[in-house]
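Peer 1: Once you've had a glance at the structure underneath, I'll fire off some questions.
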Amino acid sequence: MTTQTHPQIHERLMLHDLTRLEYGRLMWKNPKARERLLRHWNDHRHPYRNRFKIHQGAVERILTADPAQDDNLNQNLIAEETSLRAVIREIPPVFGSFYKDSNRPNP
Amino acid sequence: MPKRELNRPDQIENWLTTMGSLLMEEGEMILIGSGALLWHAFQLGVKRPLPENSMDADPITESEGVAEICYDQMIGSEFESQEGWHVNLMPKMALNEFPVDWETRASRKQYGKLTVTVPGVEDIMIPKRKRGEPRDRKHDDYAAYLKSPKTPKKPPTKKLQK
């Protein structure tokens with residue numbers, strides 16, 4: 001991993017937004033990690049659970065997108081009256097206090 | 001939760017050793033921030049603690065296995081309740097705070113299947129100096145101490161090969 005050029009939109013995102021996007025994408029690639037995230041985000045204790053149900057499609061769209069095409073993705077999202085930054089904010093956070101429980105199916 | 005936090009060089013070394021043993025396949029990490037200062041301290045044989053405790057270690061990784069372990073060590077995790085500090089994954093963009101040639105001054109060390117790259121002390125200090133908060137200034141003093149510690153030891157690491 002080296003210092004490299006990024007899509008322009010990345011320059012305008014906050015580091016914590018980029019963190020959620022980059023690592024969300026990394027985890028999403030692995031089916032087991034993806035299932036675990038989905039279990040966590042749908043856990044009854046997760047405060048974003050209902051919000052995630054509304055935005056799940058958009059969240060999955062950006063998590064599966066090619067990072068190199070994020071400028072295009074952002075333009076498309078703007079045309080749909082949202083933005084990459086706005087959708088990143090809909091990626092639910094991970095709560096360390098009960099993330100460990102997502103290793104097994106939700107009760 | 002015990003108020004231990006992160007301030008001793010051996011805490012970082014032990015964490016990396018454990019992480020290397022947990023990895024099932026090869027993985028890599030770039031360590032920045034206060035944890036990186038403590039890493040350099042350990043390699044130099046310095047036992048002096050960081051003057052202002054840190055709450056977290058800041059790794060950057062493109063390895064799924066490393067990221068998965070880090071997710072289990074984030075704020076609020078069992079890891080944090082046991083160790084008193086947590087892991088805070090950082091995006092690749094954080095490397096843009098360093099000069100483009102930072103890798104020529106970086107060091108690398110292997111921990112089992114984990115390869116850890118750590119920027120040079122001067123590079124680590126760039127964002128801290130830019131921020132300039134009281135704790136950053138104390139860390140700057142610590143960085144200066146690392147340049148001429150009283151009990152120097154040849155570091156068992158090697159410079160990156162370009």
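The chains in the structure tokens are called A, B, ... from first to last as shown; in each chain the residues are counted from 1, and the ligands are counted from 1 in the order shown.
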Please identify all residues of chain A having at least one atom at most 9 Å from any atom of chain B, considering only C-alpha atoms, and return them as a compact mmCIF listing (two decimals) with N, CA and C atoms, in the first residue's frame.
Peer 2:
```txt
# COMPACT_ATOMS: atom_id res chain seq x y z
N MET A 1 0.84 -1.19 0.00
CA MET A 1 0.00 0.00 0.00
C MET A 1 0.89 1.25 0.00
N THR A 2 0.64 2.14 -0.91
CA THR A 2 1.45 3.35 -0.99
C THR A 2 0.54 4.58 -1.04
N THR A 3 1.17 5.77 -0.87
CA THR A 3 0.43 6.99 -1.07
C THR A 3 0.02 7.04 -2.53
N GLN A 4 -1.24 7.31 -2.82
CA GLN A 4 -1.69 7.23 -4.21
C GLN A 4 -2.73 8.30 -4.48
N HIS A 6 -6.38 9.63 -5.46
CA HIS A 6 -7.72 9.16 -5.12
C HIS A 6 -8.72 9.89 -6.01
N HIS A 10 -13.03 11.85 -2.74
CA HIS A 10 -12.41 11.40 -1.49
C HIS A 10 -11.73 12.56 -0.77
N GLU A 11 -11.21 13.52 -1.56
CA GLU A 11 -10.53 14.68 -0.95
C GLU A 11 -11.52 15.53 -0.15
N LEU A 15 -12.36 12.13 7.21
CA LEU A 15 -11.65 10.87 7.37
C LEU A 15 -12.55 9.78 7.95
N HIS A 16 -13.45 10.16 8.89
CA HIS A 16 -14.30 9.12 9.48
C HIS A 16 -15.32 8.59 8.47
N ASP A 17 -15.71 9.44 7.51
CA ASP A 17 -16.60 8.96 6.44
C ASP A 17 -15.85 7.98 5.54
N LEU A 18 -14.62 8.36 5.19
CA LEU A 18 -13.81 7.48 4.35
C LEU A 18 -13.54 6.15 5.03
N THR A 19 -13.32 6.21 6.34
CA THR A 19 -13.08 4.97 7.09
C THR A 19 -14.27 4.03 6.95
N ARG A 20 -15.46 4.58 7.16
CA ARG A 20 -16.66 3.74 7.10
C ARG A 20 -16.85 3.16 5.70
N LEU A 21 -16.55 3.97 4.68
CA LEU A 21 -16.70 3.50 3.30
C LEU A 21 -15.64 2.45 2.95
N GLU A 22 -14.37 2.78 3.21
CA GLU A 22 -13.28 1.87 2.82
C GLU A 22 -13.39 0.52 3.50
N TYR A 23 -13.57 0.56 4.83
CA TYR A 23 -13.58 -0.71 5.56
C TYR A 23 -14.90 -1.43 5.40
N LEU A 26 -14.29 -3.27 2.26
CA LEU A 26 -13.35 -4.37 2.46
C LEU A 26 -14.07 -5.56 3.11
N MET A 27 -14.88 -5.28 4.13
CA MET A 27 -15.59 -6.35 4.82
C MET A 27 -16.66 -6.96 3.91
N LYS A 29 -16.60 -7.58 0.86
CA LYS A 29 -16.07 -8.53 -0.13
C LYS A 29 -16.11 -9.96 0.38
N ASN A 30 -15.99 -10.09 1.71
CA ASN A 30 -15.93 -11.41 2.32
C ASN A 30 -17.34 -11.82 2.76
N ALA A 33 -17.87 -12.00 6.53
CA ALA A 33 -17.82 -10.68 7.18
C ALA A 33 -19.07 -9.87 6.83
N VAL A 94 -20.46 0.43 13.67
CA VAL A 94 -20.33 -0.86 14.36
C VAL A 94 -20.10 -0.57 15.83
N PHE A 95 -20.91 -1.20 16.67
CA PHE A 95 -20.80 -0.99 18.11
C PHE A 95 -20.04 -2.16 18.73
N GLY A 96 -18.86 -1.82 19.27
CA GLY A 96 -18.00 -2.85 19.85
C GLY A 96 -18.65 -3.61 20.98
N SER A 97 -19.60 -2.99 21.65
CA SER A 97 -20.20 -3.62 22.83
C SER A 97 -21.01 -4.87 22.49
N PHE A 98 -21.58 -4.94 21.28
CA PHE A 98 -22.32 -6.17 20.94
C PHE A 98 -22.00 -6.69 19.54
N TYR A 99 -20.94 -6.16 18.92
CA TYR A 99 -20.53 -6.68 17.61
C TYR A 99 -20.11 -8.15 17.72
N LYS A 100 -19.53 -8.50 18.87
CA LYS A 100 -19.08 -9.89 19.05
C LYS A 100 -20.24 -10.87 18.94
```
Peer 1: Between CA of Lys109 (chain B) and CA of Met55 (chain B), what is the distance, to one decimal in Å?
Peer 2: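 Those two atoms sit 23.4 Å apart.
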